[in-house]
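Asker: Got a structure for you, input.pdb, holding PDB, C-alpha atoms, pLDDT in the B column.
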```
ATOM      1  CA  MET J   1       0.000   0.000   0.000  1.00 49.00           C
ATOM      2  CA  GLY J   2       1.333   3.420  -0.952  1.00 62.00           C
ATOM      3  CA  GLY J   3       2.006   6.181   1.523  1.00 72.00           C
ATOM      4  CA  PHE J   4       2.346   9.935   1.504  1.00 73.00           C
ATOM      5  CA  VAL J   5       5.326  12.179   2.220  1.00 78.00           C
ATOM      6  CA  ILE J   6       5.254  14.285   5.379  1.00 78.00           C
ATOM      7  CA  GLN J   7       7.763  16.488   7.174  1.00 81.00           C
ATOM      8  CA  ARG J   8       8.192  16.435  10.947  1.00 82.00           C
ATOM      9  CA  PHE J   9      10.147  19.392  12.273  1.00 76.00           C
ATOM     10  CA  HIS J  10      10.994  20.472  15.808  1.00 82.00           C
ATOM     11  CA  PRO J  11       7.900  21.683  17.725  1.00 77.00           C
ATOM     12  CA  LEU J  12       9.545  25.038  18.507  1.00 81.00           C
ATOM     13  CA  ILE J  13       9.975  25.793  14.777  1.00 78.00           C
ATOM     14  CA  ARG J  14       7.307  27.970  13.155  1.00 75.00           C
ATOM     15  CA  PRO J  15       7.278  27.818   9.323  1.00 70.00           C
ATOM     16  CA  GLY J  16       6.057  30.984   7.673  1.00 67.00           C
ATOM     17  CA  LEU J  17       7.165  33.685   5.264  1.00 61.00           C
ATOM     18  CA  HIS J  18      10.423  33.621   7.251  1.00 69.00           C
ATOM     19  CA  LEU J  19      11.321  30.486   9.207  1.00 74.00           C
ATOM     20  CA  GLY J  20      10.969  31.501  12.857  1.00 67.00           C
ATOM     21  CA  ALA J  21      10.734  30.167  16.381  1.00 75.00           C
ATOM     22  CA  ALA J  22       7.709  29.910  18.662  1.00 67.00           C
ATOM     23  CA  GLY J  23       6.378  33.292  19.746  1.00 66.00           C
ATOM     24  CA  SER J  24       8.558  35.415  17.448  1.00 70.00           C
ATOM     25  CA  LYS J  25       8.728  36.587  13.837  1.00 69.00           C
ATOM     26  CA  ILE J  26      12.519  37.058  13.901  1.00 79.00           C
ATOM     27  CA  ALA J  27      14.247  34.678  11.490  1.00 81.00           C
ATOM     28  CA  VAL J  28      16.071  31.649  12.923  1.00 86.00           C
ATOM     29  CA  HIS J  29      18.641  31.310  10.146  1.00 87.00           C
ATOM     30  CA  SER J  30      22.165  32.569  10.884  1.00 89.00           C
ATOM     31  CA  GLN J  31      24.245  33.273   7.786  1.00 91.00           C
ATOM     32  CA  GLN J  32      27.866  32.122   7.570  1.00 92.00           C
ATOM     33  CA  SER J  33      30.250  33.783   5.151  1.00 89.00           C
ATOM     34  CA  ARG J  34      32.191  31.751   2.581  1.00 81.00           C
ATOM     35  CA  TRP J  35      35.485  32.830   4.186  1.00 84.00           C
ATOM     36  CA  ASP J  36      35.136  31.597   7.735  1.00 92.00           C
ATOM     37  CA  ALA J  37      35.156  28.298   9.652  1.00 93.00           C
ATOM     38  CA  ALA J  38      32.543  29.364  12.203  1.00 95.00           C
ATOM     39  CA  CYS J  39      29.735  27.092  10.962  1.00 96.00           C
ATOM     40  CA  THR J  40      29.476  25.411  14.381  1.00 96.00           C
ATOM     41  CA  CYS J  41      28.921  28.763  16.120  1.00 96.00           C
ATOM     42  CA  HIS J  42      26.223  29.682  13.610  1.00 96.00           C
ATOM     43  CA  CYS J  43      24.465  26.375  14.368  1.00 96.00           C
ATOM     44  CA  VAL J  44      24.661  27.145  18.096  1.00 96.00           C
ATOM     45  CA  ALA J  45      23.187  30.593  17.429  1.00 95.00           C
ATOM     46  CA  MET J  46      20.239  29.055  15.585  1.00 94.00           C
ATOM     47  CA  ALA J  47      19.661  26.532  18.384  1.00 94.00           C
ATOM     48  CA  LEU J  48      19.782  29.332  20.986  1.00 94.00           C
ATOM     49  CA  ARG J  49      17.285  31.347  18.932  1.00 92.00           C
ATOM     50  CA  ILE J  50      14.898  28.387  18.708  1.00 90.00           C
ATOM     51  CA  ALA J  51      15.246  27.889  22.476  1.00 90.00           C
ATOM     52  CA  GLY J  52      14.406  31.560  23.038  1.00 90.00           C
ATOM     53  CA  LEU J  53      17.746  32.281  24.701  1.00 92.00           C
ATOM     54  CA  ILE J  54      18.872  34.943  22.220  1.00 91.00           C
ATOM     55  CA  THR J  55      16.758  37.445  20.339  1.00 89.00           C
ATOM     56  CA  ASP J  56      18.322  37.726  16.889  1.00 91.00           C
ATOM     57  CA  PRO J  57      21.285  35.668  15.575  1.00 92.00           C
ATOM     58  CA  SER J  58      22.197  38.414  13.118  1.00 90.00           C
ATOM     59  CA  GLN J  59      22.751  40.955  15.931  1.00 90.00           C
ATOM     60  CA  ILE J  60      24.963  39.128  18.440  1.00 90.00           C
ATOM     61  CA  ALA J  61      27.986  41.356  17.680  1.00 90.00           C
ATOM     62  CA  THR J  62      26.135  44.371  19.085  1.00 89.00           C
ATOM     63  CA  ARG J  63      24.413  42.744  22.067  1.00 84.00           C
ATOM     64  CA  LYS J  64      25.611  43.110  25.661  1.00 82.00           C
ATOM     65  CA  ARG J  65      23.818  40.130  27.211  1.00 87.00           C
ATOM     66  CA  ARG J  66      26.140  37.439  28.598  1.00 92.00           C
ATOM     67  CA  ILE J  67      25.167  34.565  26.293  1.00 94.00           C
ATOM     68  CA  GLU J  68      25.361  36.665  23.131  1.00 94.00           C
ATOM     69  CA  SER J  69      28.683  38.197  24.202  1.00 94.00           C
ATOM     70  CA  MET J  70      30.160  34.754  24.882  1.00 95.00           C
ATOM     71  CA  LEU J  71      28.940  33.481  21.516  1.00 95.00           C
ATOM     72  CA  TRP J  72      30.431  36.471  19.703  1.00 95.00           C
ATOM     73  CA  ARG J  73      33.806  36.024  21.435  1.00 94.00           C
ATOM     74  CA  LYS J  74      33.860  32.318  20.603  1.00 95.00           C
ATOM     75  CA  THR J  75      32.995  33.071  16.973  1.00 94.00           C
ATOM     76  CA  THR J  76      35.961  35.427  16.655  1.00 94.00           C
ATOM     77  CA  GLU J  77      38.217  32.773  18.243  1.00 94.00           C
ATOM     78  CA  VAL J  78      37.242  30.003  15.805  1.00 94.00           C
ATOM     79  CA  PHE J  79      36.775  32.174  12.700  1.00 92.00           C
ATOM     80  CA  ALA J  80      39.827  30.725  10.944  1.00 91.00           C
ATOM     81  CA  LYS J  81      40.303  27.283  12.525  1.00 92.00           C
ATOM     82  CA  GLY J  82      36.829  26.002  13.359  1.00 93.00           C
ATOM     83  CA  MET J  83      35.669  24.094  16.443  1.00 95.00           C
ATOM     84  CA  THR J  84      35.498  20.353  17.148  1.00 96.00           C
ATOM     85  CA  PHE J  85      32.301  18.836  18.506  1.00 97.00           C
ATOM     86  CA  SER J  86      34.058  18.021  21.778  1.00 97.00           C
ATOM     87  CA  GLU J  87      34.900  21.726  22.086  1.00 97.00           C
ATOM     88  CA  LEU J  88      31.309  22.558  21.178  1.00 97.00           C
ATOM     89  CA  VAL J  89      29.952  20.481  24.085  1.00 97.00           C
ATOM     90  CA  VAL J  90      32.292  22.280  26.500  1.00 97.00           C
ATOM     91  CA  PHE J  91      31.294  25.677  25.093  1.00 97.00           C
ATOM     92  CA  VAL J  92      27.549  25.009  25.466  1.00 96.00           C
ATOM     93  CA  ALA J  93      28.160  23.907  29.065  1.00 95.00           C
ATOM     94  CA  ASP J  94      30.107  27.130  29.694  1.00 95.00           C
ATOM     95  CA  LEU J  95      27.094  29.156  28.552  1.00 94.00           C
ATOM     96  CA  ASP J  96      25.359  27.864  31.717  1.00 93.00           C
ATOM     97  CA  CYS J  97      21.912  28.415  30.252  1.00 91.00           C
ATOM     98  CA  GLY J  98      20.276  25.055  30.969  1.00 89.00           C
ATOM     99  CA  LEU J  99      21.039  23.394  27.623  1.00 93.00           C
ATOM    100  CA  TRP J 100      22.100  19.746  27.926  1.00 93.00           C
ATOM    101  CA  THR J 101      24.090  18.133  25.123  1.00 96.00           C
ATOM    102  CA  LYS J 102      24.814  14.609  23.986  1.00 97.00           C
ATOM    103  CA  LEU J 103      27.844  13.860  21.814  1.00 98.00           C
ATOM    104  CA  LEU J 104      28.375  11.400  18.978  1.00 97.00           C
ATOM    105  CA  GLU J 105      31.916  11.966  17.766  1.00 91.00           C
ATOM    106  CA  HIS J 106      33.973  10.346  14.993  1.00 87.00           C
ATOM    107  CA  SER J 107      31.048   8.173  13.962  1.00 91.00           C
ATOM    108  CA  SER J 108      30.505   6.208  10.789  1.00 95.00           C
ATOM    109  CA  HIS J 109      27.756   7.426   8.460  1.00 96.00           C
ATOM    110  CA  ARG J 110      25.574   4.380   9.089  1.00 94.00           C
ATOM    111  CA  GLU J 111      25.944   4.718  12.870  1.00 96.00           C
ATOM    112  CA  ALA J 112      25.119   8.431  12.832  1.00 97.00           C
ATOM    113  CA  ILE J 113      21.791   8.161  11.005  1.00 96.00           C
ATOM    114  CA  PRO J 114      19.777   6.120  13.583  1.00 95.00           C
ATOM    115  CA  TRP J 115      21.398   8.131  16.401  1.00 97.00           C
ATOM    116  CA  ILE J 116      20.256  11.419  14.859  1.00 97.00           C
ATOM    117  CA  GLU J 117      16.788  10.005  14.097  1.00 95.00           C
ATOM    118  CA  HIS J 118      16.425   8.962  17.739  1.00 96.00           C
ATOM    119  CA  GLU J 119      17.475  12.355  19.109  1.00 96.00           C
ATOM    120  CA  LEU J 120      15.156  14.261  16.776  1.00 95.00           C
ATOM    121  CA  ALA J 121      12.297  11.953  17.796  1.00 93.00           C
ATOM    122  CA  ARG J 122      12.999  12.914  21.429  1.00 93.00           C
ATOM    123  CA  GLY J 123      12.395  16.582  20.564  1.00 92.00           C
ATOM    124  CA  ARG J 124      16.048  17.623  20.448  1.00 95.00           C
ATOM    125  CA  LEU J 125      17.866  19.700  17.866  1.00 96.00           C
ATOM    126  CA  VAL J 126      20.943  18.061  16.360  1.00 98.00           C
ATOM    127  CA  ILE J 127      24.061  19.785  15.055  1.00 98.00           C
ATOM    128  CA  CYS J 128      25.459  17.398  12.435  1.00 98.00           C
ATOM    129  CA  SER J 129      28.919  17.100  10.932  1.00 98.00           C
ATOM    130  CA  VAL J 130      28.623  16.610   7.155  1.00 98.00           C
ATOM    131  CA  ARG J 131      31.446  15.917   4.703  1.00 97.00           C
ATOM    132  CA  ALA J 132      31.163  15.857   0.929  1.00 97.00           C
ATOM    133  CA  VAL J 133      32.494  12.630  -0.565  1.00 96.00           C
ATOM    134  CA  GLY J 134      36.035  13.263  -1.793  1.00 93.00           C
ATOM    135  CA  ASP J 135      36.478  16.279   0.497  1.00 93.00           C
ATOM    136  CA  ARG J 136      38.437  16.375   3.755  1.00 90.00           C
ATOM    137  CA  GLN J 137      36.554  19.316   5.295  1.00 92.00           C
ATOM    138  CA  ASN J 138      33.670  18.704   7.719  1.00 95.00           C
ATOM    139  CA  HIS J 139      30.835  21.222   7.847  1.00 97.00           C
ATOM    140  CA  ALA J 140      28.363  21.795  10.708  1.00 98.00           C
ATOM    141  CA  VAL J 141      24.647  22.081   9.945  1.00 98.00           C
ATOM    142  CA  LEU J 142      21.546  22.087  12.158  1.00 98.00           C
ATOM    143  CA  ALA J 143      18.980  19.293  11.733  1.00 97.00           C
ATOM    144  CA  THR J 144      15.530  20.489  12.803  1.00 94.00           C
ATOM    145  CA  GLY J 145      13.370  17.635  11.563  1.00 93.00           C
ATOM    146  CA  VAL J 146      12.897  14.689   9.242  1.00 95.00           C
ATOM    147  CA  GLU J 147      11.020  13.937   6.046  1.00 93.00           C
ATOM    148  CA  GLY J 148       9.553  10.538   5.333  1.00 90.00           C
ATOM    149  CA  VAL J 149       6.644   8.455   4.166  1.00 87.00           C
ATOM    150  CA  GLN J 150       3.636   7.638   6.340  1.00 85.00           C
ATOM    151  CA  ARG J 151       2.212   4.187   5.617  1.00 81.00           C
ATOM    152  CA  ASP J 152      -0.779   3.400   7.808  1.00 80.00           C
ATOM    153  CA  ARG J 153       0.623   3.869  11.330  1.00 80.00           C
ATOM    154  CA  ARG J 154       4.262   3.489  10.351  1.00 82.00           C
ATOM    155  CA  PHE J 155       6.482   6.497   9.597  1.00 84.00           C
ATOM    156  CA  GLU J 156       9.553   5.723   7.476  1.00 87.00           C
ATOM    157  CA  ALA J 157      12.052   8.588   7.595  1.00 87.00           C
ATOM    158  CA  HIS J 158      14.316   9.090   4.604  1.00 92.00           C
ATOM    159  CA  ALA J 159      15.785  12.609   4.866  1.00 95.00           C
ATOM    160  CA  LEU J 160      16.939  15.212   7.369  1.00 97.00           C
ATOM    161  CA  LEU J 161      15.566  18.752   7.185  1.00 96.00           C
ATOM    162  CA  ILE J 162      18.580  21.027   7.477  1.00 97.00           C
ATOM    163  CA  LEU J 163      19.379  24.642   8.301  1.00 97.00           C
ATOM    164  CA  ASP J 164      22.770  25.144   6.652  1.00 97.00           C
ATOM    165  CA  PRO J 165      24.495  28.364   7.774  1.00 97.00           C
ATOM    166  CA  ALA J 166      26.587  28.458   4.568  1.00 95.00           C
ATOM    167  CA  GLU J 167      23.435  28.637   2.422  1.00 95.00           C
ATOM    168  CA  GLY J 168      20.986  31.481   2.049  1.00 93.00           C
ATOM    169  CA  PRO J 169      17.875  31.729   4.243  1.00 92.00           C
ATOM    170  CA  PRO J 170      15.049  29.245   3.574  1.00 90.00           C
ATOM    171  CA  ALA J 171      12.620  30.287   0.852  1.00 86.00           C
ATOM    172  CA  ALA J 172       9.246  31.687   1.861  1.00 78.00           C
ATOM    173  CA  PHE J 173       7.202  29.161   3.872  1.00 79.00           C
ATOM    174  CA  ALA J 174      10.006  26.561   3.630  1.00 84.00           C
ATOM    175  CA  PRO J 175      11.087  24.656   6.782  1.00 86.00           C
ATOM    176  CA  CYS J 176      14.720  24.231   5.647  1.00 92.00           C
ATOM    177  CA  ASN J 177      17.361  25.390   3.160  1.00 95.00           C
ATOM    178  CA  ALA J 178      18.945  21.948   2.609  1.00 97.00           C
ATOM    179  CA  ARG J 179      18.021  18.258   2.746  1.00 97.00           C
ATOM    180  CA  LEU J 180      20.141  15.210   3.410  1.00 97.00           C
ATOM    181  CA  GLN J 181      18.467  12.160   1.885  1.00 96.00           C
ATOM    182  CA  TYR J 182      19.955   9.032   3.441  1.00 94.00           C
ATOM    183  CA  ARG J 183      17.464   6.310   2.481  1.00 89.00           C
ATOM    184  CA  HIS J 184      15.704   5.319  -0.736  1.00 81.00           C
ATOM    185  CA  GLY J 185      12.501   3.297  -0.956  1.00 66.00           C
ATOM    186  CA  THR J 186      11.594   0.873   1.812  1.00 62.00           C
ATOM    187  CA  SER J 187      14.932  -0.911   2.184  1.00 65.00           C
ATOM    188  CA  ASP J 188      16.284  -1.215   5.717  1.00 70.00           C
ATOM    189  CA  THR J 189      19.834  -1.170   4.330  1.00 78.00           C
ATOM    190  CA  LEU J 190      21.323   2.302   4.379  1.00 87.00           C
ATOM    191  CA  PRO J 191      23.268   3.378   1.281  1.00 89.00           C
ATOM    192  CA  ARG J 192      26.928   4.119   1.764  1.00 92.00           C
ATOM    193  CA  TYR J 193      26.406   7.797   0.909  1.00 94.00           C
ATOM    194  CA  ALA J 194      23.609  10.320   1.356  1.00 97.00           C
ATOM    195  CA  LYS J 195      22.486  12.952  -1.142  1.00 97.00           C
ATOM    196  CA  TYR J 196      22.876  16.515   0.118  1.00 98.00           C
ATOM    197  CA  THR J 197      20.722  19.028  -1.746  1.00 97.00           C
ATOM    198  CA  THR J 198      20.518  22.826  -1.532  1.00 96.00           C
ATOM    199  CA  ALA J 199      18.842  25.404  -3.752  1.00 92.00           C
ATOM    200  CA  VAL J 200      21.871  25.517  -6.053  1.00 90.00           C
ATOM    201  CA  ASP J 201      23.784  22.253  -5.582  1.00 93.00           C
ATOM    202  CA  ALA J 202      23.536  18.507  -4.976  1.00 96.00           C
ATOM    203  CA  PHE J 203      26.335  16.122  -4.051  1.00 97.00           C
ATOM    204  CA  SER J 204      27.113  12.862  -2.228  1.00 97.00           C
ATOM    205  CA  ALA J 205      27.926  13.275   1.463  1.00 98.00           C
ATOM    206  CA  VAL J 206      28.431  11.363   4.695  1.00 97.00           C
ATOM    207  CA  LEU J 207      27.618  12.162   8.316  1.00 97.00           C
ATOM    208  CA  THR J 208      30.676  11.999  10.587  1.00 97.00           C
ATOM    209  CA  GLY J 209      29.317  13.031  13.995  1.00 97.00           C
ATOM    210  CA  ALA J 210      26.594  14.922  15.832  1.00 98.00           C
ATOM    211  CA  VAL J 211      25.692  16.847  18.969  1.00 98.00           C
ATOM    212  CA  ALA J 212      22.106  16.695  20.249  1.00 98.00           C
ATOM    213  CA  ILE J 213      20.840  19.735  22.165  1.00 97.00           C
ATOM    214  CA  ASP J 214      17.803  19.457  24.421  1.00 94.00           C
ATOM    215  CA  VAL J 215      15.898  22.744  24.183  1.00 86.00           C
ATOM    216  CA  ALA J 216      12.350  21.580  24.933  1.00 71.00           C
ATOM    217  CA  GLU J 217      12.300  22.350  28.661  1.00 57.00           C
ATOM    218  CA  VAL J 218      15.259  24.664  29.007  1.00 58.00           C
ATOM    219  CA  GLN J 219      13.330  27.309  30.937  1.00 46.00           C
ATOM    220  CA  THR J 220      11.264  25.017  33.160  1.00 38.00           C
ATOM    221  CA  LEU J 221      13.602  22.197  34.121  1.00 34.00           C
ATOM    222  CA  PRO J 222      17.183  23.458  33.609  1.00 38.00           C
ATOM    223  CA  GLN J 223      18.620  20.961  36.106  1.00 37.00           C
ATOM    224  CA  ARG J 224      17.213  17.839  34.454  1.00 39.00           C
ATOM    225  CA  ARG J 225      19.718  15.851  32.421  1.00 43.00           C
ATOM    226  CA  PRO J 226      18.012  13.880  29.649  1.00 44.00           C
ATOM    227  CA  PRO J 227      18.794  10.157  29.373  1.00 44.00           C
TER     228      PRO J 227
END
```
Is it possible to give me this structure as structure tokens?

Answerer:
Amino acid sequence: MGGFVIQRFHPLIRPGLHLGAAGSKIAVHSQQSRWDAACTCHCVAMALRIAGLITDPSQIATRKRRIESMLWRKTTEVFAKGMTFSELVVFVADLDCGLWTKLLEHSSHREAIPWIEHELARGRLVICSVRAVGDRQNHAVLATGVEGVQRDRRFEAHALLILDPAEGPPAAFAPCNARLQYRHGTSDTLPRYAKYTTAVDAFSAVLTGAVAIDVAEVQTLPQRRPP
């Protein structure tokens, strides 16, 4: 029996003319330049915006609040060299804002996919490390949901919905500006490579690690560590 394609994105995301977060019309997307290696910091900024912990990712350089100031300083530190996911976990902890993280580092592509699916299903945002096949450079992107096929009561995910800081903002009423398709058809066997698609490009890629960030109850239960 055939199914139909649906997209499941994080409950704090609000699709609209500009992709926003709950209770605000300010855009979530944080734009990275083509010169810098600060993609991880831009992903953190988007996660903080979705969690309601910063007001506007595009204005952190001019803000005086502690979290925004710390994020701006870290961005200037890693502008040229980037930041590992282990360093990212330490940085989020240093923000001391109630965000708990869970690290999957130096993973294989086929190990990363079910891990990311599980964390998204638990209502967490996931910063993913993506590498184009044939390239040595990893790039951080923010996964905010999944796309898949609903057959009766079974949901079969086949792609991640991505906010890529190196791409332009999502188009009007779009929930993402990139997709990572990691499964085709109904096969339980994962292909060796995924297909990464943006508005202007498509290429084979692999996932090499991830950091899950629990933002769902950041303001009500900041002391609770998720399992």

Asker: Of the residues J:Arg153, J:Val215, J:Ser107, J:Ala166, which is the one nearest to J:Val200, using all atoms listed in the file?

Answerer: J:Ala166

Asker: Which is closer to J:His118 than all the others in J:Ala38, J:Cys97, J:Leu19, J:Ala157, using all atoms listed in the file?

Answerer: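 For J:His118, the nearest of the candidates is J:Ala157.
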
Asker: Compare J:Arg49, J:Arg34, J:Lys74, J:Lys195 by their minimum atom-to-atom distance to J:Ala61, counting all atoms listed in the file, and give me the closest one.

Answerer: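 Residue with the minimum atom-to-atom distance to J:Ala61: J:Lys74.
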
Asker: Calculate how many Å separate atom CA of J:Ile127 from atom CA of J:Phe4, rounding to one decimal.

Answerer: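 We find that atom CA of J:Ile127 and atom CA of J:Phe4 lie 27.4 Å from each other.
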
Asker: Going by the chain IDs and residue numbers used in this file, which residues fall under the PyMOL selection byres ((chain J and resi 79-92) around 7)? Write them as a list of chain:residue names.

Answerer: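 Written out, the selection comes to J:Asp36, J:Ala37, J:Ala38, J:Thr40, J:Thr75, J:Thr76, J:Glu77, J:Val78, J:Ala93, J:Asp94, J:Leu95, J:Thr101, J:Glu105, J:Val211.
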
Asker: Would you translate the PyMOL selection byres ((chain J and resi 29) around 8) into the concrete set of residues it matches in this file, as a VMD selection string?

Answerer: chain J and resid 19 27 to 28 30 to 31 46 57 163 165 169 to 170

Asker: Quick one: apply the PyMOL selection byres ((chain J and resi 129-132) around 7) to the file and drop the selected residues here as a PyMOL selection string.

Answerer: chain J and resi 127-128+133-135+137-141+203-210

Asker: What does the structure give for the distance between atom CA of J:Pro15 and atom CA of J:Glu156, in Å to one decimal?

Answerer: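 Separation of atom CA of J:Pro15 and atom CA of J:Glu156: 22.3 Å.
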
Asker: Please list, as a VMD selection string, the residues that have an atom at most 9 Å away from (4.6, 11.8, 3.0) in the coordinates of this file, counting only C-alpha atoms.

Answerer: chain J and resid 3 to 7 147 to 151 155

Asker: Could you please take those selected residues and save C-alpha atoms as a compact mmCIF listing (two decimals), keeping the file's coordinate frame?

Answerer:
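Output contents, as saved in result.txt:
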```txt
# COMPACT_ATOMS: atom_id res chain seq x y z
CA GLY J 3 2.01 6.18 1.52
CA PHE J 4 2.35 9.94 1.50
CA VAL J 5 5.33 12.18 2.22
CA ILE J 6 5.25 14.28 5.38
CA GLN J 7 7.76 16.49 7.17
CA GLU J 147 11.02 13.94 6.05
CA GLY J 148 9.55 10.54 5.33
CA VAL J 149 6.64 8.46 4.17
CA GLN J 150 3.64 7.64 6.34
CA ARG J 151 2.21 4.19 5.62
CA PHE J 155 6.48 6.50 9.60
```

Asker: Distance atom CA of J:Ala112-atom CA of J:Asp188, one decimal place?

Answerer: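 For atom CA of J:Ala112 relative to atom CA of J:Asp188, the distance reads 14.9 Å.
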